[in-house]
There are 2 protein chains.
Amino acid sequence: MSNYKEELLQHELTPETLEEYSEKVRRELKAFFEPEAIAVIGASRDVNAPGWVIFKNLLENKEKGWLKADVYGVNIKGGELFGQPLYRSILDVPSDVDHAVIVIPAKYVPGAMEECGKKGVKVASIISAGFSEIGNVELEKRVVEVARKYGIRIIGPNGLGVFDAYSGVDTMFLPYCKPLNGKELLATPRPKKGYIMFISQSGALGVSVLDYMYGEGIGVSKFISYGNKADVDEVDMLLYALKDETVRVVMIYLEGLKGDGRPLVKIGKEFSKHKPIVILKGGRTKAGARATMSHTASLAGNVKIYQVAFETMGAIMADDLVEFLDVTKALAFQPPARGRNIAIVTNGGGAGILATDKAEKIGLNVIPTPENLLAKLKKAQEEGKIPPVATFSNPIDLSGSASNESYIAAIEAVMENDDIHAVLIIGLHHVPLLTSSFVDEIAQIIKKYKKPVVAVDIGGADMANWVRDRFDYHGIPAYPTPERGITALKALVEYGEWLKKEGVLENYLQKWQPPTSL
Amino acid sequence: MSNYKEELLQHELTPETLEEYSEKVRRELKAFFEPEAIAVIGASRDVNAPGWVIFKNLLENKEKGWLKADVYGVNIKGGELFGQPLYRSILDVPSDVDHAVIVIPAKYVPGAMEECGKKGVKVASIISAGFSEIGNVELEKRVVEVARKYGIRIIGPNGLGVFDAYSGVDTMFLPYCKPLNGKELLATPRPKKGYIMFISQSGALGVSVLDYMYGEGIGVSKFISYGNKADVDEVDMLLYALKDETVRVVMIYLEGLKGDGRPLVKIGKEFSKHKPIVILKGGRTKAGARATMSHTASLAGNVKIYQVAFETMGAIMADDLVEFLDVTKALAFQPPARGRNIAIVTNGGGAGILATDKAEKIGLNVIPTPENLLAKLKKAQEEGKIPPVATFSNPIDLSGSASNESYIAAIEAVMENDDIHAVLIIGLHHVPLLTSSFVDEIAQIIKKYKKPVVAVDIGGADMANWVRDRFDYHGIPAYPTPERGITALKALVEYGEWLKKEGVLENYLQKWQPPTSL
């Protein structure tokens, strides 16, 4: 552990120093996400104990071949669990351990950390509660001192730790299933592999959001619940994420910063020139701020100050939980936009109107169709590709008689038009002439351009779900209502504007590559 | 058909005259929803024709015993379809017909209507397009003249007609399934039975919303897609809904009114004293209004004028599609609130904070916990029912250690407190001590009061879905994010305020009964 967060305030951040910090942090934190060996200190035979769940999940992940690291159980009472010996101390573990998961009563944590230090442990996920969050500030300080002495980095205490969808590291003590009428129901699912790093100041909210992501089919790279953030915080994680190829976007649920916010703003601003950050801030109102005080003892602080800080960082601010995920998904999949002019291509007039209302309300320009675009659309109509009843005034309403061919013609025309900076495609699957292959067909066109596109199909039955999944598969984020699609598009516009202001948009777009399907 | 809409502007609307109008309209429109016999004029052997789908669906509904009415096919060419004879004219049908579904080319519709008149048909769902929407105003006028002559009421033309989840009437020409890779996927589902009348000016949007409702598990009583509304409009449907026991709330997607809006405002205002109306207006912005012009030829008109009209009517205005459904579901299930003070009961601090932020933002009062409520909560804490770490400053955060008993104690306390007018319950199922029976347990308490309650559980896996479905089952509308729950609660507060302003709130609440589970 180092004082680099204070140090980095002293001088300017160049691409070179940023790289240096990032590499240093990646070395220090690597064992959280790609450990060689994990020891669960507090592996317990009590099926209700967090240590039982964590040990079990890690062993199961190991058995599935998902987790490569070796897993060891440590319990002061010794014995055996799941056919594995429980060592009385981490010092008894017969091989090296680089990641310790600590789930024992708070007062024993400093001692356990001392042993971790002697063992050569590099990182500790401290799940145990009972530290500063209930006033035991001194105890937490002692833990940090031991960690400093041995150079151990800490996530926690009083958090859920880490979940990594790639490496199978999972320190979350919530079991996958809960009983219901004699059956086991999936209650705390882990999302599939994806491109999102999710940092949550609230463990419970974090788990809920993972469950929500699972339902929406959104993948995750890493989830970090740092609890009291005695050590590892947002700054560390951004530096870690910078060079992490599985992370294309970082989403943060934040109630308040501890101490000085300047390192975050400084690192965040450089980070955002490479990858986007999305923040949902809890406690944006007076009553909300009062509640953050009793929840995470966070001074939610002056909302304006946070807002200015986030804007400086180039972070996209989400207004609610739905937007948090919608916007993150869009930024993970699509490039930023070069401007505010959008085209809406639809086969449902009503849906197009709702999208237009939302776009205008939040400041996107649904511009009258440019002349050269209009000419192309009319030509396609004359050639019989677009139905005679279609109207082109933006929304470009291909009408309920639109076929796959109509979409191909319209999407080609809007994608190649430079006055259109972003596109919302509404493809309601209900009409007879539109067949499911239209998604694959227009995706091929969209992939040729670095212009953001977002898709909408409305509905909750099999076909609607299939259409949206298929768009997602192609890296075109899909949403179940027109307004949610527009909100997602707005984030791509905002991010583009920030990058432009910083003078790096064209360079960013040049380097930008679509995600590989996972 | 009568000119009662002009007539009702002449004099004051008393409870007696409202009743009279309602009974008259119910007699006139009854055959749309509860026909004795339906004839499909344009039943076609072409599997791609709307008339094929409609005839097939009606016959299948009849076979299932869902539809009680007899079903006849009419086709000028005669012949046979699905083992049924196709009559060359409705006049050849061997028994009485009260509901004609017309799906033939526009130019033949006046003639078909003439025959309907001679046959004694009472109502016609005219699905055929090609009337005023493409400039054929005269043709539409002729159809209306024939209808007037014979006293036939019309839904349409150029709409999808009617779907009734109770009687099995279904004139929607969109087949349930569409093919995908050799399989048939559910593409245009019909929602289950419920308490909502849904009127949509856009057929395509209507169908999409039905699909969305299906996915959200929201039931419907009737869906009406009136297309060009040559005859039956919102006024008729409100008068029909007034005495319809399966309708607890009316939701309307509207792009623009045709002609005089005063009858709607006048009837709407009286209707809202009995049942709530929710409106989503397409074309609330300049670009949106431009789009309604090319879509339904609606003059979206001055947004302010519509807003004032809807406010006068006591209608709840939805801001987007998600809100449209969320708010309608809340109003179908829960009573209006007596005021703006809400309590938030949660087991997740972060989720409680997000709810608080949203509530403050949209003008609900998350009041500091009243003294007498605080005393009750502290007592329950002393008795060990609520965990020691719980905090009571509203949000009432029972903490992750909350059990069923904690919820019971807290809900009892907030329900009986007169300073709390509405309650948001956040019950995150992920924590170990909360078992699934907590929903049933607190539902029993909630049912004792006429105070609105809305529930939230976050997540998309089995258990989250079960928890929300179970709340819904008990008539407590449940939502997947805190902010969506708050928006729903807001509608119950707004509706209560309007009823209070009209001086009818207490009377309304006295008569209010929770819905029966379907």
# chains A, B, ... in the order shown; residues from 1 in each chain; ligands from 1

$ residues_around --residues "Ser403 of chain A" --least-positions-apart "3" --cutoff "7 Å" --atoms "only C-alpha atoms" --output "list in words"
Ser406, Tyr407, Leu433 and Leu434 of chain A

$ residues_around --residues "segment 78-88 of chain B" --least-positions-apart "6" --cutoff "8 Å" --atoms "only C-alpha atoms" --output "VMD selection string"
chain B and resid 43 to 45 56 72

$ interface_residues --of "chain B" --to "chain A" --cutoff "6 Å" --atoms "only C-alpha atoms" --output "ChimeraX atom specification"
/B:185-187,202,204-205,208,211-212,215,282,284-285,288,291,295,348-350,353-354,356-357,458-463

$ select_by_dssp --residues "segment 188-309 of chain B" --states "strand (DSSP E)" --output "list in words"
Lys193, Gly194, Tyr195, Ile196, Met197, Phe198, Ile199, Ser200, Val220, Ser221, Lys222, Phe223, Ile224, Ser225, Val249, Val250, Met251, Ile252, Tyr253, Leu254, Ile277, Val278, Ile279, Leu280 and Lys281 of chain B

$ write_last_selection --atoms "N, CA and C atoms" --output "compact mmCIF listing (two decimals), in the first residue's frame"
# COMPACT_ATOMS: atom_id res chain seq x y z
N LYS B 193 -56.56 -12.01 -17.72
CA LYS B 193 -57.67 -11.23 -17.17
C LYS B 193 -57.20 -10.24 -16.12
N GLY B 194 -57.72 -9.06 -16.16
CA GLY B 194 -57.36 -8.08 -15.15
C GLY B 194 -58.40 -6.99 -15.06
N TYR B 195 -58.02 -5.87 -14.49
CA TYR B 195 -58.98 -4.81 -14.16
C TYR B 195 -58.79 -3.53 -14.95
N ILE B 196 -58.07 -3.63 -16.07
CA ILE B 196 -57.72 -2.43 -16.82
C ILE B 196 -58.45 -2.38 -18.15
N MET B 197 -59.07 -1.23 -18.45
CA MET B 197 -59.53 -0.98 -19.80
C MET B 197 -58.46 -0.14 -20.49
N PHE B 198 -57.99 -0.61 -21.63
CA PHE B 198 -56.90 0.07 -22.34
C PHE B 198 -57.41 0.53 -23.69
N ILE B 199 -57.42 1.83 -23.89
CA ILE B 199 -57.86 2.42 -25.16
C ILE B 199 -56.63 3.00 -25.85
N SER B 200 -56.38 2.59 -27.09
CA SER B 200 -55.19 3.08 -27.76
C SER B 200 -55.52 3.68 -29.11
N VAL B 220 -55.64 -7.46 -18.15
CA VAL B 220 -56.45 -6.46 -18.84
C VAL B 220 -57.91 -6.93 -18.83
N SER B 221 -58.81 -6.00 -18.81
CA SER B 221 -60.21 -6.36 -18.99
C SER B 221 -60.54 -6.26 -20.48
N LYS B 222 -60.37 -5.08 -21.03
CA LYS B 222 -60.68 -4.83 -22.44
C LYS B 222 -59.62 -3.97 -23.08
N PHE B 223 -59.35 -4.26 -24.35
CA PHE B 223 -58.47 -3.41 -25.16
C PHE B 223 -59.28 -2.92 -26.35
N ILE B 224 -59.22 -1.62 -26.60
CA ILE B 224 -59.96 -1.05 -27.72
C ILE B 224 -59.01 -0.24 -28.59
N SER B 225 -58.91 -0.65 -29.85
CA SER B 225 -58.11 0.09 -30.82
C SER B 225 -59.08 0.65 -31.85
N VAL B 249 -59.79 0.72 -13.65
CA VAL B 249 -59.02 1.88 -14.12
C VAL B 249 -59.01 1.87 -15.65
N VAL B 250 -59.01 3.07 -16.24
CA VAL B 250 -58.96 3.19 -17.69
C VAL B 250 -57.65 3.84 -18.09
N MET B 251 -56.90 3.20 -18.98
CA MET B 251 -55.67 3.83 -19.48
C MET B 251 -55.84 4.15 -20.96
N ILE B 252 -55.42 5.35 -21.35
CA ILE B 252 -55.63 5.83 -22.71
C ILE B 252 -54.32 6.31 -23.32
N TYR B 253 -53.95 5.73 -24.47
CA TYR B 253 -52.87 6.32 -25.26
C TYR B 253 -53.53 7.21 -26.31
N LEU B 254 -53.20 8.49 -26.27
CA LEU B 254 -53.89 9.46 -27.08
C LEU B 254 -52.91 10.33 -27.84
N ILE B 277 -58.46 7.53 -14.28
CA ILE B 277 -58.07 7.51 -15.70
C ILE B 277 -56.58 7.84 -15.78
N VAL B 278 -55.84 7.09 -16.58
CA VAL B 278 -54.42 7.38 -16.80
C VAL B 278 -54.24 7.67 -18.29
N ILE B 279 -53.56 8.76 -18.60
CA ILE B 279 -53.38 9.12 -20.01
C ILE B 279 -51.90 9.26 -20.35
N LEU B 280 -51.50 8.62 -21.44
CA LEU B 280 -50.20 8.89 -22.03
C LEU B 280 -50.47 9.62 -23.34
N LYS B 281 -49.98 10.85 -23.41
CA LYS B 281 -50.25 11.68 -24.58
C LYS B 281 -49.03 11.66 -25.50

$ select_by_dssp --residues "segment 15-72 of chain B" --states "alpha helix (DSSP H)" --output "ChimeraX atom specification"
/B:15-33,50-63
